[in-house]
$ cat input_38.cif   # mmCIF, C-alpha atoms
data_protein
loop_
_atom_site.label_atom_id
_atom_site.label_comp_id
_atom_site.auth_asym_id
_atom_site.auth_seq_id
_atom_site.Cartn_x
_atom_site.Cartn_y
_atom_site.Cartn_z
CA MET S 1 70.68 31.90 45.88
CA ILE S 2 73.72 31.19 47.98
CA GLN S 3 71.52 30.12 50.92
CA GLU S 4 70.80 26.83 49.18
CA TYR S 5 74.47 25.90 49.72
CA LEU S 6 74.39 26.67 53.45
CA TYR S 7 75.70 23.68 55.38
CA LYS S 8 76.27 25.09 58.86
CA TYR S 9 75.89 28.38 60.72
CA LYS S 10 77.91 28.80 63.86
CA LEU S 11 77.60 31.82 66.12
CA ASN S 12 80.42 32.75 68.45
CA LEU S 13 80.02 35.59 70.95
CA VAL S 14 83.28 36.86 72.44
CA VAL S 15 83.81 39.33 75.26
CA LEU S 16 87.20 40.76 76.21
CA GLY S 17 87.68 41.87 79.79
CA ASP S 18 88.82 40.60 83.17
CA PHE S 19 87.14 37.37 84.23
CA ASN S 20 87.33 34.83 87.00
CA PRO S 21 86.94 31.56 85.07
CA ALA S 22 86.29 29.50 88.21
CA ILE S 23 82.92 31.23 88.68
CA PHE S 24 81.53 29.80 85.48
CA SER S 25 80.08 26.34 85.97
CA PRO S 26 76.87 24.56 84.97
CA ALA S 27 75.74 24.56 88.61
CA TRP S 28 76.09 28.34 88.82
CA LEU S 29 74.12 28.84 85.60
CA ALA S 30 71.38 26.52 86.86
CA LEU S 31 71.29 28.24 90.25
CA LYS S 32 70.72 31.56 88.50
CA LYS S 33 68.04 29.89 86.32
CA LEU S 34 69.90 30.85 83.16
CA ILE S 35 69.76 27.30 81.83
CA ARG S 36 67.13 24.59 82.08
CA PRO S 37 67.55 22.38 85.17
CA GLU S 38 67.81 19.33 82.86
CA ASN S 39 70.76 20.98 81.12
CA MET S 40 72.77 20.81 84.34
CA GLU S 41 72.52 17.00 84.23
CA ASP S 42 73.24 17.04 80.54
CA THR S 43 76.33 19.21 80.74
CA GLN S 44 79.69 17.92 79.67
CA VAL S 45 82.42 19.56 81.75
CA HIS S 46 85.80 19.54 80.14
CA VAL S 47 87.68 21.63 82.66
CA ILE S 48 86.91 24.17 85.38
CA HIS S 49 90.13 25.68 86.65
CA GLY S 50 91.39 28.98 88.04
CA SER S 51 92.88 29.72 84.61
CA PHE S 52 90.00 28.64 82.43
CA SER S 53 86.64 26.93 82.21
CA LEU S 54 85.30 24.94 79.32
CA PHE S 55 82.03 23.07 79.25
CA ARG S 56 79.11 22.30 77.01
CA ILE S 57 75.46 22.89 77.92
CA GLY S 58 73.30 20.08 76.61
CA ASP S 59 73.74 19.79 72.88
CA TRP S 60 73.33 23.44 72.17
CA ALA S 61 76.10 25.67 73.51
CA GLU S 62 79.69 25.77 74.58
CA ILE S 63 81.16 28.11 77.20
CA LYS S 64 84.85 28.87 77.18
CA VAL S 65 86.40 31.35 79.61
CA ASN S 66 89.93 32.33 80.45
CA LYS S 67 91.13 35.34 82.43
CA GLU S 68 90.78 37.72 79.50
CA THR S 69 88.23 36.15 77.19
CA PHE S 70 84.68 34.91 77.57
CA GLN S 71 83.13 32.95 74.70
CA LEU S 72 79.75 31.42 73.95
CA THR S 73 79.29 29.28 70.85
CA THR S 74 76.46 27.40 69.22
CA ALA S 75 75.96 25.73 65.87
CA ARG S 76 72.19 25.62 66.27
CA GLU S 77 70.50 28.49 64.52
CA ASP S 78 67.33 27.93 66.56
CA ASN S 79 69.31 28.85 69.68
CA PHE S 80 70.99 32.06 68.56
CA ASP S 81 68.54 34.16 70.58
CA LEU S 82 69.00 31.90 73.58
CA LEU S 83 72.75 32.45 73.32
CA LYS S 84 72.14 36.20 73.35
CA ASP S 85 69.88 35.85 76.40
CA LEU S 86 72.50 33.73 78.15
CA MET S 87 75.11 36.42 77.54
CA VAL S 88 72.76 39.16 78.78
CA GLY S 89 71.77 37.06 81.80
CA ILE S 90 75.35 36.32 82.83
CA PHE S 91 76.55 39.90 82.61
CA THR S 92 73.40 41.32 84.17
CA ILE S 93 74.34 39.26 87.22
CA LEU S 94 78.09 39.97 86.96
CA LYS S 95 77.47 43.65 86.46
CA GLU S 96 80.81 44.79 87.91
CA THR S 97 82.92 42.90 85.33
CA PRO S 98 85.39 45.18 83.50
CA ILE S 99 84.76 44.80 79.77
CA ARG S 100 86.95 46.24 77.03
CA ALA S 101 85.38 44.93 73.85
CA PHE S 102 83.06 42.33 72.44
CA GLY S 103 82.46 40.63 69.13
CA ILE S 104 79.59 38.96 67.37
CA ASN S 105 81.33 36.39 65.19
CA HIS S 106 79.37 34.81 62.38
CA ASN S 107 80.62 31.63 60.73
CA LYS S 108 78.70 30.31 57.74
CA TYR S 109 79.88 27.24 55.89
CA PHE S 110 78.74 26.86 52.30
CA THR S 111 79.15 23.57 50.47
CA VAL S 112 79.06 23.74 46.69
CA PRO S 113 78.72 20.17 45.36
CA ASP S 114 79.51 21.12 41.75
CA GLU S 115 83.31 21.30 41.47
CA ASN S 116 83.22 23.68 38.47
CA ARG S 117 80.87 26.01 40.26
CA TYR S 118 83.12 25.96 43.33
CA ASN S 119 86.18 26.75 41.21
CA LYS S 120 84.38 29.62 39.53
CA ILE S 121 83.44 31.14 42.90
CA GLU S 122 87.03 30.79 44.11
CA ASN S 123 88.32 32.37 40.92
CA LYS S 124 85.92 35.30 41.04
CA LEU S 125 86.81 36.09 44.63
CA ALA S 126 90.54 36.03 43.95
CA PRO S 127 91.53 35.73 40.28
CA LEU S 128 93.80 32.71 40.45
CA GLY S 129 95.01 33.25 36.89
CA ASN S 130 97.39 35.86 38.36
CA TRP S 131 99.22 33.05 40.11
CA ASN S 132 99.26 30.41 37.40
CA GLU S 133 102.78 31.24 36.26
CA ILE S 134 104.14 31.03 39.80
CA PHE S 135 102.22 28.13 41.33
CA SER S 136 100.82 25.00 39.81
CA ASP S 137 97.05 24.71 40.39
CA PRO S 138 96.79 27.59 42.94
CA LYS S 139 93.84 27.57 45.36
CA LEU S 140 92.22 30.22 47.51
CA MET S 141 93.06 29.69 51.14
CA ARG S 142 91.96 32.91 52.82
CA LEU S 143 90.71 36.29 51.66
CA GLU S 144 90.11 38.95 54.30
CA ILE S 145 88.65 42.44 54.14
CA LEU S 146 88.91 44.83 57.05
CA GLN S 147 86.86 47.96 57.71
CA LEU S 148 88.55 49.98 60.42
CA LYS S 149 85.59 52.21 61.16
CA ARG S 150 82.19 50.88 62.05
CA PRO S 151 79.21 52.02 59.95
CA ASP S 152 77.30 52.92 63.14
CA SER S 153 78.26 55.34 65.90
CA ASN S 154 80.05 52.69 67.99
CA MET S 155 83.80 52.19 68.32
CA GLY S 156 85.21 49.06 66.73
CA ARG S 157 85.66 47.51 63.34
CA ILE S 158 84.37 44.84 61.02
CA SER S 159 86.29 42.16 59.25
CA PHE S 160 84.99 39.72 56.69
CA SER S 161 86.76 36.70 55.33
CA VAL S 162 86.30 33.77 53.01
CA SER S 163 88.54 30.81 53.70
CA LEU S 164 88.87 27.08 53.71
CA PRO S 165 86.93 25.58 56.64
CA ASP S 166 88.63 25.23 60.01
CA GLU S 167 86.88 21.99 60.88
CA GLU S 168 85.92 18.77 59.15
CA MET S 169 83.51 19.60 56.35
CA PRO S 170 82.31 18.07 53.08
CA LYS S 171 84.45 18.66 50.01
CA ASN S 172 84.16 22.07 48.32
CA THR S 173 83.16 23.94 51.46
CA LEU S 174 84.03 27.57 52.03
CA LYS S 175 83.86 29.31 55.39
CA VAL S 176 82.49 32.85 55.37
CA PHE S 177 83.33 34.69 58.56
CA MET S 178 82.49 38.12 59.93
CA ASN S 179 83.92 39.58 63.11
CA ASP S 180 81.61 42.40 64.19
CA ARG S 181 83.71 44.06 66.85
CA PHE S 182 82.70 46.75 69.34
CA ASP S 183 85.12 48.54 71.66
CA ILE S 184 83.86 49.78 75.01
CA ASP S 185 85.37 53.11 76.00
CA ASP S 186 83.58 53.52 79.34
CA LYS S 187 85.79 52.20 82.13
CA ILE S 188 83.39 52.99 84.99
CA LYS S 189 80.17 51.43 83.71
CA SER S 190 81.64 49.12 81.09
CA THR S 191 79.25 46.21 81.71
CA GLU S 192 76.20 48.43 81.49
CA LYS S 193 77.46 49.95 78.27
CA PHE S 194 78.36 46.55 76.86
CA LEU S 195 74.87 45.19 77.52
CA LYS S 196 73.24 48.24 76.01
CA ILE S 197 75.27 48.08 72.78
CA PHE S 198 75.13 44.28 72.59
CA GLU S 199 71.34 44.07 72.86
CA LYS S 200 70.86 46.93 70.44
CA SER S 201 73.30 45.59 67.85
CA PHE S 202 72.56 41.87 67.97
CA LYS S 203 69.83 41.76 65.34
CA SER S 204 71.46 44.28 63.02
CA SER S 205 74.70 42.29 63.08
CA PHE S 206 72.89 39.38 61.40
CA GLU S 207 71.32 41.69 58.83
CA GLN S 208 74.71 43.16 58.07
CA PHE S 209 76.38 39.77 57.68
CA ASP S 210 73.66 38.51 55.33
CA GLY S 211 73.79 41.82 53.45
CA VAL S 212 77.52 41.48 52.82
CA ILE S 213 77.14 37.87 51.65
CA ASP S 214 74.28 38.77 49.30
CA SER S 215 76.21 41.69 47.92
CA VAL S 216 79.38 39.65 47.27
CA TRP S 217 77.29 36.83 45.78
CA ARG S 218 75.60 39.23 43.36
CA LYS S 219 78.96 40.62 42.28
CA ILE S 220 80.50 37.25 41.56
CA ASN S 221 77.49 35.98 39.59
CA MET U 1 90.48 54.52 72.47
CA THR U 2 92.07 54.89 69.07
CA GLN U 3 91.98 52.74 66.02
CA ASN U 4 94.99 51.96 63.92
CA ASN U 5 96.00 49.74 61.11
CA SER U 6 98.05 47.26 63.06
CA LEU U 7 96.63 44.35 65.02
CA SER U 8 97.97 43.89 68.54
CA GLN U 9 98.46 40.41 69.95
CA GLU U 10 95.22 40.83 71.89
CA ASP U 11 93.47 41.79 68.70
CA LYS U 12 94.77 38.70 67.00
CA PHE U 13 93.48 36.50 69.80
CA TYR U 14 90.17 38.19 69.67
CA HIS U 15 89.97 38.42 65.97
CA THR U 16 89.78 34.70 65.35
CA ASP U 17 87.36 32.53 67.22
CA ILE U 18 89.85 29.72 67.63
CA PHE U 19 92.88 31.81 68.64
CA GLU U 20 94.61 30.50 65.59
CA THR U 21 97.34 33.10 65.80
CA THR U 22 98.64 31.88 69.16
CA ASN U 23 102.21 30.91 68.46
CA ILE U 24 103.71 27.98 70.28
CA ASN U 25 107.14 28.96 68.97
CA THR U 26 107.24 31.78 71.49
CA VAL U 27 107.93 29.20 74.18
CA SER U 28 110.92 26.90 74.23
CA ARG U 29 110.99 24.21 71.60
CA GLY U 30 111.23 21.41 74.15
CA LEU U 31 108.22 22.64 76.01
CA GLY U 32 106.36 23.14 72.76
CA ASP U 33 107.02 19.53 71.83
CA TYR U 34 105.89 18.39 75.26
CA LEU U 35 102.64 20.33 74.94
CA GLN U 36 102.09 19.08 71.44
CA SER U 37 102.50 15.50 72.66
CA ILE U 38 99.96 16.10 75.45
CA ILE U 39 97.51 17.53 72.99
CA GLU U 40 97.98 14.78 70.45
CA SER U 41 97.81 11.94 72.94
CA SER U 42 94.76 13.19 74.79
CA LYS U 43 92.70 14.91 72.18
CA PHE U 44 89.16 14.52 73.41
CA ASP U 45 89.08 12.22 76.38
CA ILE U 46 91.57 13.48 78.91
CA SER U 47 90.34 13.21 82.48
CA LYS U 48 90.15 16.21 84.75
CA ALA U 49 92.80 14.73 87.04
CA GLU U 50 95.31 14.40 84.21
CA TYR U 51 94.46 17.88 83.19
CA GLU U 52 95.23 19.29 86.61
CA ASP U 53 98.56 17.45 86.62
CA GLU U 54 99.45 19.21 83.42
CA PHE U 55 98.78 22.54 85.03
CA GLU U 56 100.83 21.64 88.08
CA TYR U 57 103.67 20.85 85.71
CA LEU U 58 103.15 24.05 83.79
CA ASP U 59 102.94 26.15 86.91
CA ASN U 60 106.46 25.03 87.79
CA ILE U 61 107.92 26.03 84.47
CA GLU U 62 109.33 29.46 83.87
CA GLY U 63 108.28 31.08 80.64
CA ASP U 64 105.30 32.54 78.96
CA ILE U 65 102.65 30.57 80.82
CA SER U 66 99.79 32.64 79.50
CA THR U 67 100.79 31.77 75.94
CA ILE U 68 100.90 28.10 76.82
CA VAL U 69 97.57 28.21 78.62
CA ASN U 70 95.97 30.01 75.72
CA TYR U 71 97.39 27.48 73.30
CA MET U 72 96.01 24.58 75.28
CA PHE U 73 92.77 26.45 75.73
CA ALA U 74 92.45 26.75 71.98
CA GLN U 75 93.01 23.04 71.50
CA ARG U 76 90.43 22.00 74.06
CA THR U 77 87.21 22.56 72.32
CA PHE U 78 84.15 20.47 71.86
CA ASN U 79 83.05 19.35 68.52
CA LEU U 80 79.54 20.79 68.41
CA ASN U 81 78.22 17.83 66.49
CA VAL U 82 74.65 19.06 66.52
CA ARG U 83 73.89 21.69 63.94
CA ALA U 84 70.57 23.18 63.03
CA LEU U 85 69.35 25.49 60.30
CA CYS U 86 66.00 27.19 60.62
CA LEU U 87 63.31 27.50 58.00
CA GLN U 88 61.36 29.90 60.15
CA LYS U 89 61.66 31.50 63.58
CA TRP U 90 59.16 33.37 65.71
CA ARG U 91 59.41 35.30 68.94
CA GLY U 92 56.27 35.14 71.04
CA ILE U 93 54.96 37.00 74.06
CA VAL U 94 52.29 35.36 76.23
CA THR U 95 49.36 37.79 76.27
CA ASP U 96 46.51 35.74 77.75
CA ILE U 97 46.27 32.54 79.79
CA ASN U 98 42.99 30.64 80.00
CA GLU U 99 41.64 27.18 80.85
CA ASP U 100 42.35 25.74 77.41
CA GLY U 101 45.79 27.19 76.92
CA PHE U 102 47.17 30.60 76.12
CA LYS U 103 47.39 33.30 73.48
CA ALA U 104 50.59 34.89 72.27
CA LYS U 105 51.63 37.77 70.08
CA LEU U 106 54.01 36.38 67.46
CA GLU U 107 56.79 38.23 65.64
CA ASP U 108 58.09 36.52 62.52
CA LEU U 109 61.88 36.73 62.89
CA THR U 110 62.53 35.22 59.45
CA ASN U 111 60.30 37.23 57.14
CA GLY U 112 59.36 40.21 59.29
CA GLY U 113 55.97 41.82 58.71
CA SER U 114 53.18 42.53 61.13
CA TYR U 115 52.48 40.70 64.38
CA GLU U 116 50.11 37.75 64.52
CA ILE U 117 48.12 36.41 67.44
CA GLY U 118 48.27 32.66 67.98
CA SER U 119 46.35 30.34 70.29
CA PHE U 120 48.23 27.45 71.84
CA LYS U 121 47.41 24.52 74.07
CA MET U 122 49.31 24.12 77.30
CA ASP U 123 51.27 21.15 75.98
CA PHE U 124 53.04 23.62 73.68
CA VAL U 125 55.03 24.74 76.76
CA PRO U 126 58.04 22.45 77.35
CA ILE U 127 58.02 20.90 80.81
CA ALA U 128 61.62 22.08 81.32
CA ASP U 129 60.48 25.68 80.89
CA ILE U 130 57.23 25.52 82.85
CA GLU U 131 58.67 27.67 85.65
CA MET U 132 59.23 30.50 83.14
CA PHE U 133 55.65 30.38 81.83
CA LYS U 134 53.57 33.37 82.90
CA LEU U 135 51.80 36.36 81.43
CA GLY U 136 54.37 38.44 79.53
CA ALA U 137 56.83 35.54 79.20
CA ILE U 138 58.84 35.51 75.98
CA PHE U 139 59.48 32.36 73.96
CA TYR U 140 61.24 31.39 70.75
CA TRP U 141 59.63 28.94 68.35
CA SER U 142 61.74 27.55 65.52
CA ILE U 143 61.17 25.00 62.80
CA GLY U 144 63.88 23.63 60.55
CA PHE U 145 66.32 20.81 60.03
CA ARG U 146 68.71 19.48 62.64
CA THR U 147 71.66 17.17 62.00
CA ILE U 148 72.97 15.01 64.81
CA ASN U 149 75.94 12.83 63.95
CA TYR U 150 75.08 12.80 60.23
CA THR U 151 71.39 12.05 60.83
CA LYS U 152 69.15 14.80 59.52
CA GLU U 153 65.70 15.36 61.00
CA LYS U 154 62.96 17.97 60.99
CA PHE U 155 62.37 19.80 64.23
CA SER U 156 59.95 22.21 65.85
CA GLU U 157 61.29 23.58 69.10
CA VAL U 158 60.00 25.98 71.72
CA ARG U 159 62.28 27.56 74.30
CA PHE U 160 61.28 30.15 76.87
CA GLN U 161 63.52 33.10 77.54
CA ARG U 162 65.61 32.92 80.70
CA LEU U 163 66.81 36.20 82.12
CA PRO U 164 67.66 37.02 85.74
CA GLN U 165 64.82 38.37 87.85
CA ILE U 166 65.30 41.99 88.80
CA SER U 167 66.64 42.26 92.37
CA ASP U 168 64.94 44.35 95.09
CA GLU U 169 67.94 46.67 95.02
CA ASP U 170 67.73 47.20 91.25
CA PHE U 171 63.98 47.64 91.50
CA ASP U 172 64.47 50.38 94.11
CA ILE U 173 67.12 52.10 91.97
CA ALA U 174 64.83 52.02 88.92
CA MET U 175 61.92 53.39 90.99
CA ASP U 176 64.12 56.19 92.38
CA LYS U 177 65.26 57.14 88.88
CA GLY U 178 61.66 57.13 87.66
CA ASN U 179 60.54 59.28 90.58
CA GLU U 180 63.38 61.73 89.98
CA LYS U 181 62.37 62.13 86.34
CA TYR U 182 58.71 62.47 87.28
CA ASP U 183 59.53 65.18 89.85
CA PHE U 184 61.69 66.98 87.30
CA LEU U 185 58.91 67.00 84.71
CA ILE U 186 56.33 68.17 87.24
CA SER U 187 58.58 71.00 88.45
CA ALA U 188 59.42 71.99 84.85
CA ASN U 189 55.71 72.10 84.06
CA GLU U 190 55.04 74.31 87.08
CA CYS U 191 57.69 76.78 85.90
CA ILE U 192 55.89 77.13 82.57
#
$ encode --input "input_38.cif" --output "structure tokens"
Amino acid sequence: MIQEYLYKYKLNLVVLGDFNPAIFSPAWLALKKLIRPENMEDTQVHVIHGSFSLFRIGDWAEIKVNKETFQLTTAREDNFDLLKDLMVGIFTILKETPIRAFGINHNKYFTVPDENRYNKIENKLAPLGNWNEIFSDPKLMRLEILQLKRPDSNMGRISFSVSLPDEEMPKNTLKVFMNDRFDIDDKIKSTEKFLKIFEKSFKSSFEQFDGVIDSVWRKIN
Amino acid sequence: MTQNNSLSQEDKFYHTDIFETTNINTVSRGLGDYLQSIIESSKFDISKAEYEDEFEYLDNIEGDISTIVNYMFAQRTFNLNVRALCLQKWRGIVTDINEDGFKAKLEDLTNGGSYEIGSFKMDFVPIADIEMFKLGAIFYWSIGFRTINYTKEKFSEVRFQRLPQISDEDFDIAMDKGNEKYDFLISANECI
């Protein structure tokens, strides 16, 4: 099972729209009771500016906002549902925010201690023998698959990639990423529509991501 | 909204969680070098005051400011040095509160299956979430392994759901909608 190699699971929720970054602060979240009062004390503010806000809530989530993008991130699997609730809470309050699209971005990092095993996985995903005559000791850097039409009735697309990790990781780690993107076509009630689709799709997005990983894993073994 | 095969710049920003496609080369080389030096010299500990100075400087420069801001934005990220993987997760709903504690209906989020009813003592409720505790409150209970700065430990954590309370205005709107539907059904029934 590939799950035995799982080193880290990071969830990143992204919303595209028009935002006022200065609104977003730990004090505002605490005032609206969207975070624990103790988290306000425990928050590390990096910057709150008219152009963007960036701060961390306790040890569990990061908020990053600029004028066009709103992001929530956590690397704690026990808090994935809390991250969803935080998103729902924020945009239930800011219900007039124009929203164009959102994404549920899954990042799983798998560390395969056995070098031979790691090389076999790499080679199955992208046969490196094709490149042996051109490059010496070629390695897989990034493999990306795009599906331009969603499997459900929503607008958007899905992309899936396997790549080298984008942060410090143990040796022989591969990052598996899925961008589950939804476009919002309702300009009048975009926030309402966003919340409806987001809440409905949250759980199934995880099932889909795990389904893709299991399916690829079966094929390469 | 249409879909096509090409990715717009916005798509590229959105597509990657770290905006990795933002291209500093779109601004002048000198400015790019300046920004790079700021980023390298101040990686994780820049003070807010210094930060604001940078923006004052940037605001006075002609060019693609949004590209610069997005580039800096991408660089300024926390290292989430706490990671946790769950062995099992439950979602609970408080169904009964008594002198000894409370009962909750538990949904196994890891393995699925039917609901279970659990009895808990009051000390199960975290003090930080006590204000959210009431009949019908939802909580998440997870057990697993957590790693903080290379130290791995077992954990069992309970967090209560935090969602905004419905406002009087929203309550009235929901009631009006409900009444409208009720009236419609009653009148439709009378027609039959």
$ resolve_selection --input "input_38.cif" --expression "the PyMOL selection byres ((chain S and resi 165) around 6)" --output "ChimeraX atom specification"
/S:164,166-167,174-175
$ atom_distance --input "input_38.cif" --atom1 "atom CA of Leu72 of chain S" --atom2 "atom CA of Leu13 of chain S"
5.1 Å
$ resolve_selection --input "input_38.cif" --expression "the PyMOL selection byres ((chain S) within 6 of (chain U))" --output "list in words"
Leu34, Ala75, Arg76, Glu77, Asp78 and Gly89 of chain S
$ residues_near_point --input "input_38.cif" --point "(89.3, 48.7, 55.3)" --cutoff "9 Å" --atoms "all atoms listed in the file" --output "list in words"
Ile145, Leu146, Gln147, Leu148, Lys149, Arg157, Ile158 and Ser159 of chain S; Asn5 of chain U
$ atom_distance --input "input_38.cif" --atom1 "atom CA of Phe124 of chain U" --atom2 "atom CA of Asn39 of chain S"
19.4 Å
$ atom_distance --input "input_38.cif" --atom1 "atom CA of Tyr118 of chain S" --atom2 "atom CA of Asn111 of chain U"
29.0 Å
$ residues_around --input "input_38.cif" --residues "Pro26 of chain S" --least-positions-apart "5" --cutoff "8 Å" --atoms "only C-alpha atoms" --output "PyMOL selection string"
chain S and resi 40+43+55+57
$ closest_residue --input "input_38.cif" --among "S:Met169, S:Trp28, S:Asn79, S:Trp60" --to "Asp42 of chain S" --atoms "only C-alpha atoms"
S:Trp60
$ residues_around --input "input_38.cif" --residues "Lys105 of chain U" --least-positions-apart "3" --cutoff "10 Å" --atoms "all atoms listed in the file" --output "list in words"
Trp90, Arg91, Gly92, Ile93, Val94, Thr95, Asp96, Tyr115, Glu116, Ile117, Gly118, Ser119, Gly136 and Ile138 of chain U
$ closest_residue --input "input_38.cif" --among "S:Leu128, S:Met141, S:Leu29, S:Leu16" --to "Ile99 of chain S" --atoms "only C-alpha atoms"
S:Leu16
$ resolve_selection --input "input_38.cif" --expression "the PyMOL selection byres ((chain S and resi 15) around 10)" --output "list in words"
Leu13, Val14, Leu16, Gly17, Asp18, Phe19, Val65, Glu68, Thr69, Phe70, Gln71, Leu72, Met87, Ile99, Arg100, Ala101, Phe102, Gly103, Ile104, Arg181, Phe182, Asp183 and Phe194 of chain S; Tyr14 of chain U
$ closest_residue --input "input_38.cif" --among "S:Ala126, S:Ile121, S:Ile134, S:Leu11" --to "Phe80 of chain S" --atoms "all atoms listed in the file"
S:Leu11
$ closest_residue --input "input_38.cif" --among "S:Ser161, S:Thr92, S:Thr111, S:Ser53" --to "Ile2 of chain S" --atoms "all atoms listed in the file"
S:Thr111
$ axis_aligned_box --input "input_38.cif" --around "segment 121-126 of chain S" --padding-each-side "6 Å" --output "lines of an AutoDock Vina configuration file"
center_x = 87.0
center_y = 33.4
center_z = 42.8
size_x = 19.1
size_y = 17.3
size_z = 15.7
$ residues_near_point --input "input_38.cif" --point "(90.6, 35.5, 43.5)" --cutoff "10 Å" --atoms "only C-alpha atoms" --output "VMD selection string"
chain S and resid 120 to 131 139 to 143
$ residues_around --input "input_38.cif" --residues "Asp210 of chain S" --least-positions-apart "4" --cutoff "10 Å" --atoms "only C-alpha atoms" --output "PyMOL selection string"
chain S and resi 3+106+108+178+204-206+214-216
$ closest_residue --input "input_38.cif" --among "S:Phe24, S:Tyr109, S:Leu6, S:Ala61" --to "Val176 of chain S" --atoms "all atoms listed in the file"
S:Tyr109
$ decode --input "input_38.cif" --residues "segment 75-125 of chain S" --atoms "C-alpha atoms" --output "PDB file, in the first residue's frame"
ATOM      1  CA  ALA S  75      -0.394  20.375   7.073  1.00  0.00           C
ATOM      2  CA  ARG S  76      -2.392  18.814   9.893  1.00  0.00           C
ATOM      3  CA  GLU S  77      -4.772  16.176   8.641  1.00  0.00           C
ATOM      4  CA  ASP S  78      -6.755  16.363  11.894  1.00  0.00           C
ATOM      5  CA  ASN S  79      -7.663  19.946  10.995  1.00  0.00           C
ATOM      6  CA  PHE S  80      -8.831  19.537   7.416  1.00  0.00           C
ATOM      7  CA  ASP S  81     -12.478  19.805   8.460  1.00  0.00           C
ATOM      8  CA  LEU S  82     -11.685  22.833  10.604  1.00  0.00           C
ATOM      9  CA  LEU S  83     -10.097  24.458   7.564  1.00  0.00           C
ATOM     10  CA  LYS S  84     -13.292  23.806   5.616  1.00  0.00           C
ATOM     11  CA  ASP S  85     -15.367  25.307   8.448  1.00  0.00           C
ATOM     12  CA  LEU S  86     -13.091  28.337   8.570  1.00  0.00           C
ATOM     13  CA  MET S  87     -13.587  28.886   4.851  1.00  0.00           C
ATOM     14  CA  VAL S  88     -17.363  28.485   5.158  1.00  0.00           C
ATOM     15  CA  GLY S  89     -17.442  30.765   8.212  1.00  0.00           C
ATOM     16  CA  ILE S  90     -15.454  33.542   6.551  1.00  0.00           C
ATOM     17  CA  PHE S  91     -17.498  33.612   3.362  1.00  0.00           C
ATOM     18  CA  THR S  92     -20.806  33.206   5.178  1.00  0.00           C
ATOM     19  CA  ILE S  93     -19.935  36.492   6.870  1.00  0.00           C
ATOM     20  CA  LEU S  94     -18.462  38.108   3.736  1.00  0.00           C
ATOM     21  CA  LYS S  95     -21.410  37.005   1.659  1.00  0.00           C
ATOM     22  CA  GLU S  96     -21.144  39.838  -0.891  1.00  0.00           C
ATOM     23  CA  THR S  97     -17.615  38.891  -2.034  1.00  0.00           C
ATOM     24  CA  PRO S  98     -17.384  38.365  -5.811  1.00  0.00           C
ATOM     25  CA  ILE S  99     -15.955  34.892  -6.403  1.00  0.00           C
ATOM     26  CA  ARG S 100     -14.875  33.526  -9.774  1.00  0.00           C
ATOM     27  CA  ALA S 101     -13.424  30.128  -8.936  1.00  0.00           C
ATOM     28  CA  PHE S 102     -12.063  27.994  -6.153  1.00  0.00           C
ATOM     29  CA  GLY S 103      -9.777  25.025  -5.791  1.00  0.00           C
ATOM     30  CA  ILE S 104      -9.269  22.222  -3.334  1.00  0.00           C
ATOM     31  CA  ASN S 105      -5.562  21.494  -3.657  1.00  0.00           C
ATOM     32  CA  HIS S 106      -4.257  18.246  -2.248  1.00  0.00           C
ATOM     33  CA  ASN S 107      -0.535  17.780  -1.657  1.00  0.00           C
ATOM     34  CA  LYS S 108       0.665  14.376  -0.511  1.00  0.00           C
ATOM     35  CA  TYR S 109       4.344  13.696  -0.005  1.00  0.00           C
ATOM     36  CA  PHE S 110       5.460  10.082  -0.194  1.00  0.00           C
ATOM     37  CA  THR S 111       8.905   9.045   0.987  1.00  0.00           C
ATOM     38  CA  VAL S 112      10.207   5.755  -0.356  1.00  0.00           C
ATOM     39  CA  PRO S 113      13.287   4.794   1.695  1.00  0.00           C
ATOM     40  CA  ASP S 114      14.375   2.009  -0.679  1.00  0.00           C
ATOM     41  CA  GLU S 115      16.280   3.692  -3.528  1.00  0.00           C
ATOM     42  CA  ASN S 116      15.590   0.847  -5.993  1.00  0.00           C
ATOM     43  CA  ARG S 117      11.904   0.959  -5.241  1.00  0.00           C
ATOM     44  CA  TYR S 118      11.890   4.726  -5.719  1.00  0.00           C
ATOM     45  CA  ASN S 119      13.673   4.403  -9.067  1.00  0.00           C
ATOM     46  CA  LYS S 120      11.205   1.768 -10.211  1.00  0.00           C
ATOM     47  CA  ILE S 121       8.254   4.023  -9.378  1.00  0.00           C
ATOM     48  CA  GLU S 122       9.873   6.916 -11.233  1.00  0.00           C
ATOM     49  CA  ASN S 123      10.573   4.700 -14.217  1.00  0.00           C
ATOM     50  CA  LYS S 124       7.060   3.294 -14.371  1.00  0.00           C
ATOM     51  CA  LEU S 125       5.493   6.736 -14.266  1.00  0.00           C
TER      52      LEU S 125
END
